[in-house]
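**Q** Got structure.pdb for you, PDB, C-alpha atoms and all ligand atoms:
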ATOM      1  CA  MET A  51       0.000   0.000   0.000  1.00  0.00           C
ATOM      2  CA  VAL A  52       1.098   3.540  -0.752  1.00  0.00           C
ATOM      3  CA  THR A  53      -0.245   6.788   0.713  1.00  0.00           C
ATOM      4  CA  LEU A  54      -0.263   9.935  -1.400  1.00  0.00           C
ATOM      5  CA  GLN A  55      -1.193  13.428  -0.248  1.00  0.00           C
ATOM      6  CA  ILE A  56      -3.025  15.181  -3.097  1.00  0.00           C
ATOM      7  CA  ASN A  57      -4.612  18.632  -2.754  1.00  0.00           C
ATOM      8  CA  GLY A  58      -4.515  18.241   1.024  1.00  0.00           C
ATOM      9  CA  GLU A  59      -6.295  14.844   1.052  1.00  0.00           C
ATOM     10  CA  LYS A  60      -4.644  11.510   1.868  1.00  0.00           C
ATOM     11  CA  TYR A  61      -5.240   8.571  -0.488  1.00  0.00           C
ATOM     12  CA  THR A  62      -4.029   5.066   0.406  1.00  0.00           C
ATOM     13  CA  ILE A  63      -3.894   2.897  -2.683  1.00  0.00           C
ATOM     14  CA  ASP A  64      -2.703  -0.587  -3.577  1.00  0.00           C
ATOM     15  CA  VAL A  65      -0.333  -0.027  -6.506  1.00  0.00           C
ATOM     16  CA  ALA A  66       3.208  -0.992  -7.488  1.00  0.00           C
ATOM     17  CA  PRO A  67       5.722   1.646  -6.350  1.00  0.00           C
ATOM     18  CA  ASP A  68       7.048   1.982  -9.903  1.00  0.00           C
ATOM     19  CA  MET A  69       3.630   2.817 -11.378  1.00  0.00           C
ATOM     20  CA  PRO A  70       3.794   6.235 -13.068  1.00  0.00           C
ATOM     21  CA  LEU A  71       2.247   8.830 -10.767  1.00  0.00           C
ATOM     22  CA  LEU A  72      -0.147   9.913 -13.532  1.00  0.00           C
ATOM     23  CA  TRP A  73      -1.695   6.435 -13.668  1.00  0.00           C
ATOM     24  CA  ALA A  74      -2.309   6.504  -9.901  1.00  0.00           C
ATOM     25  CA  ILE A  75      -3.790  10.004  -9.973  1.00  0.00           C
ATOM     26  CA  ARG A  76      -6.112   9.420 -12.919  1.00  0.00           C
ATOM     27  CA  ASP A  77      -6.937   5.718 -13.071  1.00  0.00           C
ATOM     28  CA  VAL A  78      -6.752   4.649  -9.436  1.00  0.00           C
ATOM     29  CA  ILE A  79      -7.738   7.791  -7.514  1.00  0.00           C
ATOM     30  CA  GLY A  80      -9.973   9.204 -10.236  1.00  0.00           C
ATOM     31  CA  LEU A  81      -8.700  12.786 -10.431  1.00  0.00           C
ATOM     32  CA  THR A  82      -8.920  13.054 -14.198  1.00  0.00           C
ATOM     33  CA  GLY A  83      -8.118  16.764 -14.595  1.00  0.00           C
ATOM     34  CA  THR A  84      -4.441  15.891 -15.141  1.00  0.00           C
ATOM     35  CA  LYS A  85      -4.053  14.773 -18.752  1.00  0.00           C
ATOM     36  CA  TYR A  86      -2.111  12.070 -20.559  1.00  0.00           C
ATOM     37  CA  GLY A  87      -0.456  13.448 -23.679  1.00  0.00           C
ATOM     38  CA  CYS A  88       2.814  11.867 -24.796  1.00  0.00           C
ATOM     39  CA  GLY A  89       3.618   9.579 -21.854  1.00  0.00           C
ATOM     40  CA  LYS A  90       7.298  10.386 -22.340  1.00  0.00           C
ATOM     41  CA  GLY A  91       7.885  13.582 -20.374  1.00  0.00           C
ATOM     42  CA  LEU A  92       7.810  15.741 -23.506  1.00  0.00           C
ATOM     43  CA  CYS A  93       4.510  17.644 -23.672  1.00  0.00           C
ATOM     44  CA  GLY A  94       3.764  18.852 -20.127  1.00  0.00           C
ATOM     45  CA  SER A  95       0.050  18.027 -20.189  1.00  0.00           C
ATOM     46  CA  CYS A  96       0.478  15.733 -17.145  1.00  0.00           C
ATOM     47  CA  LYS A  97       2.247  18.284 -14.947  1.00  0.00           C
ATOM     48  CA  VAL A  98       1.524  18.390 -11.235  1.00  0.00           C
ATOM     49  CA  LEU A  99       3.374  20.152  -8.432  1.00  0.00           C
ATOM     50  CA  LEU A 100       5.419  17.980  -6.118  1.00  0.00           C
ATOM     51  CA  ASP A 101       6.346  20.043  -3.052  1.00  0.00           C
ATOM     52  CA  ASN A 102       5.788  23.150  -5.220  1.00  0.00           C
ATOM     53  CA  SER A 103       7.994  21.999  -8.117  1.00  0.00           C
ATOM     54  CA  PRO A 104       6.419  21.097 -11.468  1.00  0.00           C
ATOM     55  CA  VAL A 105       7.004  17.485 -12.566  1.00  0.00           C
ATOM     56  CA  GLN A 106       5.793  15.403 -15.482  1.00  0.00           C
ATOM     57  CA  SER A 107       3.702  12.837 -13.653  1.00  0.00           C
ATOM     58  CA  CYS A 108       3.856  10.379 -16.575  1.00  0.00           C
ATOM     59  CA  VAL A 109       7.549   9.717 -15.913  1.00  0.00           C
ATOM     60  CA  ILE A 110       7.660  10.004 -12.100  1.00  0.00           C
ATOM     61  CA  PRO A 111       7.049   6.787 -10.144  1.00  0.00           C
ATOM     62  CA  VAL A 112       4.507   6.780  -7.356  1.00  0.00           C
ATOM     63  CA  SER A 113       7.337   6.012  -4.904  1.00  0.00           C
ATOM     64  CA  ALA A 114       8.931   9.424  -5.644  1.00  0.00           C
ATOM     65  CA  ALA A 115       5.748  11.206  -4.543  1.00  0.00           C
ATOM     66  CA  VAL A 116       5.285   9.475  -1.184  1.00  0.00           C
ATOM     67  CA  GLY A 117       5.582  11.959   1.697  1.00  0.00           C
ATOM     68  CA  LYS A 118       5.311  14.956  -0.615  1.00  0.00           C
ATOM     69  CA  ASN A 119       2.492  17.416  -1.226  1.00  0.00           C
ATOM     70  CA  ILE A 120       0.987  16.908  -4.662  1.00  0.00           C
ATOM     71  CA  LEU A 121      -1.040  19.703  -6.245  1.00  0.00           C
ATOM     72  CA  THR A 122      -3.187  18.897  -9.281  1.00  0.00           C
ATOM     73  CA  ILE A 123      -5.486  21.081 -11.358  1.00  0.00           C
ATOM     74  CA  GLU A 124      -8.299  20.151  -8.940  1.00  0.00           C
ATOM     75  CA  GLY A 125      -6.383  21.835  -6.099  1.00  0.00           C
ATOM     76  CA  THR A 126      -7.232  25.145  -4.495  1.00  0.00           C
ATOM     77  CA  SER A 127      -3.955  27.027  -4.170  1.00  0.00           C
ATOM     78  CA  LYS A 128      -4.421  30.807  -4.323  1.00  0.00           C
ATOM     79  CA  ASN A 129      -2.334  31.326  -7.441  1.00  0.00           C
ATOM     80  CA  LEU A 130      -3.987  28.417  -9.234  1.00  0.00           C
ATOM     81  CA  GLN A 131      -7.435  29.874  -8.524  1.00  0.00           C
ATOM     82  CA  LEU A 132      -6.472  33.394  -9.650  1.00  0.00           C
ATOM     83  CA  LEU A 133      -4.892  31.979 -12.815  1.00  0.00           C
ATOM     84  CA  GLN A 134      -8.110  30.104 -13.571  1.00  0.00           C
ATOM     85  CA  GLU A 135     -10.073  33.379 -13.256  1.00  0.00           C
ATOM     86  CA  SER A 136      -7.772  35.031 -15.783  1.00  0.00           C
ATOM     87  CA  TRP A 137      -7.935  31.995 -18.081  1.00  0.00           C
ATOM     88  CA  VAL A 138     -11.729  32.287 -18.144  1.00  0.00           C
ATOM     89  CA  GLU A 139     -11.728  36.074 -18.570  1.00  0.00           C
ATOM     90  CA  LEU A 140      -9.304  35.941 -21.503  1.00  0.00           C
ATOM     91  CA  ASN A 141     -10.854  32.798 -22.992  1.00  0.00           C
ATOM     92  CA  VAL A 142      -7.448  31.105 -23.168  1.00  0.00           C
ATOM     93  CA  PRO A 143      -8.187  27.450 -24.046  1.00  0.00           C
ATOM     94  CA  GLN A 144      -9.082  26.128 -27.455  1.00  0.00           C
ATOM     95  CA  CYS A 145      -9.459  22.335 -27.246  1.00  0.00           C
ATOM     96  CA  GLY A 146      -8.362  22.631 -23.600  1.00  0.00           C
ATOM     97  CA  PHE A 147      -6.392  19.394 -23.433  1.00  0.00           C
ATOM     98  CA  CYS A 148      -3.008  20.923 -22.559  1.00  0.00           C
ATOM     99  CA  GLN A 149      -4.443  23.580 -20.257  1.00  0.00           C
ATOM    100  CA  PRO A 150      -4.288  21.764 -16.882  1.00  0.00           C
ATOM    101  CA  GLY A 151      -0.552  21.320 -17.392  1.00  0.00           C
ATOM    102  CA  GLN A 152      -0.220  24.937 -18.512  1.00  0.00           C
ATOM    103  CA  LEU A 153      -2.027  26.155 -15.397  1.00  0.00           C
ATOM    104  CA  ILE A 154       0.135  24.011 -13.132  1.00  0.00           C
ATOM    105  CA  ALA A 155       3.323  25.341 -14.760  1.00  0.00           C
ATOM    106  CA  ALA A 156       2.009  28.914 -14.434  1.00  0.00           C
ATOM    107  CA  THR A 157       1.171  28.286 -10.760  1.00  0.00           C
ATOM    108  CA  ALA A 158       4.741  27.144 -10.100  1.00  0.00           C
ATOM    109  CA  LEU A 159       6.009  30.286 -11.811  1.00  0.00           C
ATOM    110  CA  LEU A 160       3.834  32.691  -9.784  1.00  0.00           C
ATOM    111  CA  ASP A 161       4.621  30.820  -6.556  1.00  0.00           C
ATOM    112  CA  LYS A 162       8.254  31.873  -6.930  1.00  0.00           C
ATOM    113  CA  ASN A 163       8.112  35.007  -9.092  1.00  0.00           C
ATOM    114  CA  LYS A 164       5.607  37.732  -8.166  1.00  0.00           C
ATOM    115  CA  ASN A 165       6.019  39.755 -11.360  1.00  0.00           C
ATOM    116  CA  PRO A 166       7.429  37.662 -14.221  1.00  0.00           C
ATOM    117  CA  THR A 167       8.629  39.266 -17.447  1.00  0.00           C
ATOM    118  CA  ASP A 168       7.730  37.865 -20.861  1.00  0.00           C
ATOM    119  CA  THR A 169      11.076  36.064 -20.865  1.00  0.00           C
ATOM    120  CA  ASP A 170      10.456  34.590 -17.398  1.00  0.00           C
ATOM    121  CA  ILE A 171       7.089  33.308 -18.629  1.00  0.00           C
ATOM    122  CA  GLU A 172       8.573  31.850 -21.807  1.00  0.00           C
ATOM    123  CA  ASP A 173      11.300  30.097 -19.790  1.00  0.00           C
ATOM    124  CA  ALA A 174       8.832  28.704 -17.231  1.00  0.00           C
ATOM    125  CA  MET A 175       6.331  27.494 -19.840  1.00  0.00           C
ATOM    126  CA  ILE A 176       8.780  26.054 -22.367  1.00  0.00           C
ATOM    127  CA  GLY A 177       8.027  22.445 -21.412  1.00  0.00           C
ATOM    128  CA  ASN A 178       4.298  22.807 -22.092  1.00  0.00           C
ATOM    129  CA  ILE A 179       3.254  22.122 -25.663  1.00  0.00           C
ATOM    130  CA  CYS A 180      -0.065  23.444 -27.011  1.00  0.00           C
ATOM    131  CA  ARG A 181      -1.129  21.978 -30.339  1.00  0.00           C
ATOM    132  CA  CYS A 182      -3.771  24.716 -30.639  1.00  0.00           C
ATOM    133  CA  GLY A 183      -1.163  27.487 -30.251  1.00  0.00           C
ATOM    134  CA  THR A 184      -2.625  29.396 -27.295  1.00  0.00           C
ATOM    135  CA  TYR A 185       0.797  30.641 -26.194  1.00  0.00           C
ATOM    136  CA  GLN A 186       0.084  34.384 -26.572  1.00  0.00           C
ATOM    137  CA  ARG A 187      -3.165  34.172 -24.618  1.00  0.00           C
ATOM    138  CA  ILE A 188      -1.447  32.145 -21.895  1.00  0.00           C
ATOM    139  CA  LYS A 189       1.178  34.874 -21.572  1.00  0.00           C
ATOM    140  CA  LYS A 190      -1.506  37.580 -21.371  1.00  0.00           C
ATOM    141  CA  ALA A 191      -3.437  35.591 -18.762  1.00  0.00           C
ATOM    142  CA  ILE A 192      -0.358  35.224 -16.567  1.00  0.00           C
ATOM    143  CA  HIS A 193       0.213  38.996 -16.719  1.00  0.00           C
ATOM    144  CA  LYS A 194      -3.511  39.505 -15.991  1.00  0.00           C
ATOM    145  CA  THR A 195      -3.189  37.310 -12.900  1.00  0.00           C
ATOM    146  CA  VAL A 196      -0.355  39.486 -11.603  1.00  0.00           C
ATOM    147  CA  GLU A 197      -2.668  42.524 -12.055  1.00  0.00           C
ATOM    148  CA  LEU A 198      -5.445  40.711 -10.165  1.00  0.00           C
ATOM    149  CA  LYS A 199      -3.053  39.880  -7.333  1.00  0.00           C
ATOM    150  CA  ASN A 200      -1.889  43.481  -7.101  1.00  0.00           C
ATOM    151  CA  GLN A 201      -5.522  44.678  -6.935  1.00  0.00           C
ATOM    152  CA  HIS A 202      -6.282  42.225  -4.115  1.00  0.00           C
ATOM    153  CA  SER A 203      -3.184  43.094  -2.050  1.00  0.00           C
TER     154      SER A 203
HETATM  155  S1  LIG B   1       2.042  13.133 -20.856  1.00  0.00           S
HETATM  156 FE1  LIG B   1       3.596  13.575 -19.470  1.00  0.00          FE
HETATM  157  S2  LIG B   1       4.865  14.990 -20.488  1.00  0.00           S
HETATM  158 FE2  LIG B   1       3.419  14.379 -22.000  1.00  0.00          FE
HETATM  159  S1  LIG B   2      -5.628  24.246 -26.071  1.00  0.00           S
HETATM  160 FE1  LIG B   2      -5.594  22.573 -27.454  1.00  0.00          FE
HETATM  161  S2  LIG B   2      -3.637  21.669 -27.123  1.00  0.00           S
HETATM  162 FE2  LIG B   2      -3.579  23.488 -26.008  1.00  0.00          FE
END
When written as structure tokens, how does the structure in this file appear?
**A**
Amino acid sequence: MVTLQINGEKYTIDVAPDMPLLWAIRDVIGLTGTKYGCGKGLCGSCKVLLDNSPVQSCVIPVSAAVGKNILTIEGTSKNLQLLQESWVELNVPQCGFCQPGQLIAATALLDKNKNPTDTDIEDAMIGNICRCGTYQRIKKAIHKTVELKNQHS
């Protein structure tokens, strides 16, 4: 048995320790917001935060996540929620498939950088592929989120 802490909840599951974390999150626990894209660590659609660092959950074994805080798109961190507001306001997604991973990567960025430049955003988001090409709207939405945060503070 393995216990994972996801979005503040504990889940004890009977899986092999080398199962990819994404399989456990989606197929065993049933949190299907995190998406399977390439399965090879290349597209970023499966990103989650592990102790605040973005990881590709398709190539991380469950054993590497034990004892750590996992944040998925279903989580309620402040930055993730504010980013989602901006995403809706600016109508960012097209097909939407890559967007959970994009939002997780953007959350990691804003958790450590309060006012990222365009270059900071490009560097932080480089591992997230969008086949629909929403990159410009993602960048605008991250800047919009910084504005929202400044209004609230
Ligand atoms: S599905 Fe994990 S990086 Fe593409
Ligand atoms: S919104 Fe379609 S792949 Fe990014």
**Q** For a quick check of understanding, using only C-alpha atoms, which of A:Cys180, A:Leu160, A:Val98, A:Leu198 has the smallest distance to Pro143 of chain A?
**A** A:Cys180
**Q** Using all atoms listed in the file, which protein or nucleic acid residues are at most 6 Å from ligand LIG 2 (chain B), as number ranges by chain?
**A** A: 143-149, 180-182
**Q** Could you please take those selected residues and save C-alpha atoms as a compact mmCIF listing (two decimals), in the coordinates of the input?
**A**
# COMPACT_ATOMS: atom_id res chain seq x y z
CA PRO A 143 -8.19 27.45 -24.05
CA GLN A 144 -9.08 26.13 -27.46
CA CYS A 145 -9.46 22.34 -27.25
CA GLY A 146 -8.36 22.63 -23.60
CA PHE A 147 -6.39 19.39 -23.43
CA CYS A 148 -3.01 20.92 -22.56
CA GLN A 149 -4.44 23.58 -20.26
CA CYS A 180 -0.06 23.44 -27.01
CA ARG A 181 -1.13 21.98 -30.34
CA CYS A 182 -3.77 24.72 -30.64
**Q** Work out how far apart atom CA of Gly83 of chain A and atom CA of Thr157 of chain A are and give it in Å to one decimal.
**A**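 If I compute the distance from atom CA of Gly83 of chain A to atom CA of Thr157 of chain A, I get 15.3 Å.
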**Q** What do you get as a count of residues only if you pick all residues at most 12 Å from ligand LIG 1 (chain B), counting only C-alpha atoms and all ligand atoms?
**A** 38
**Q** From the set A:Ile154, A:Ser203, A:Val142, A:Ile171, which residue has the shortest atom-to-atom contact distance to Ala191 of chain A, counting all atoms listed in the file?
**A**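 Answer, going by the shortest atom-to-atom distance: A:Val142.
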**Q** Between A:Pro166, A:Gly125, A:Gly80, A:Pro111, which residue has the minimum interatomic distance to Glu59 of chain A, considering only C-alpha atoms?
**A** A:Gly125
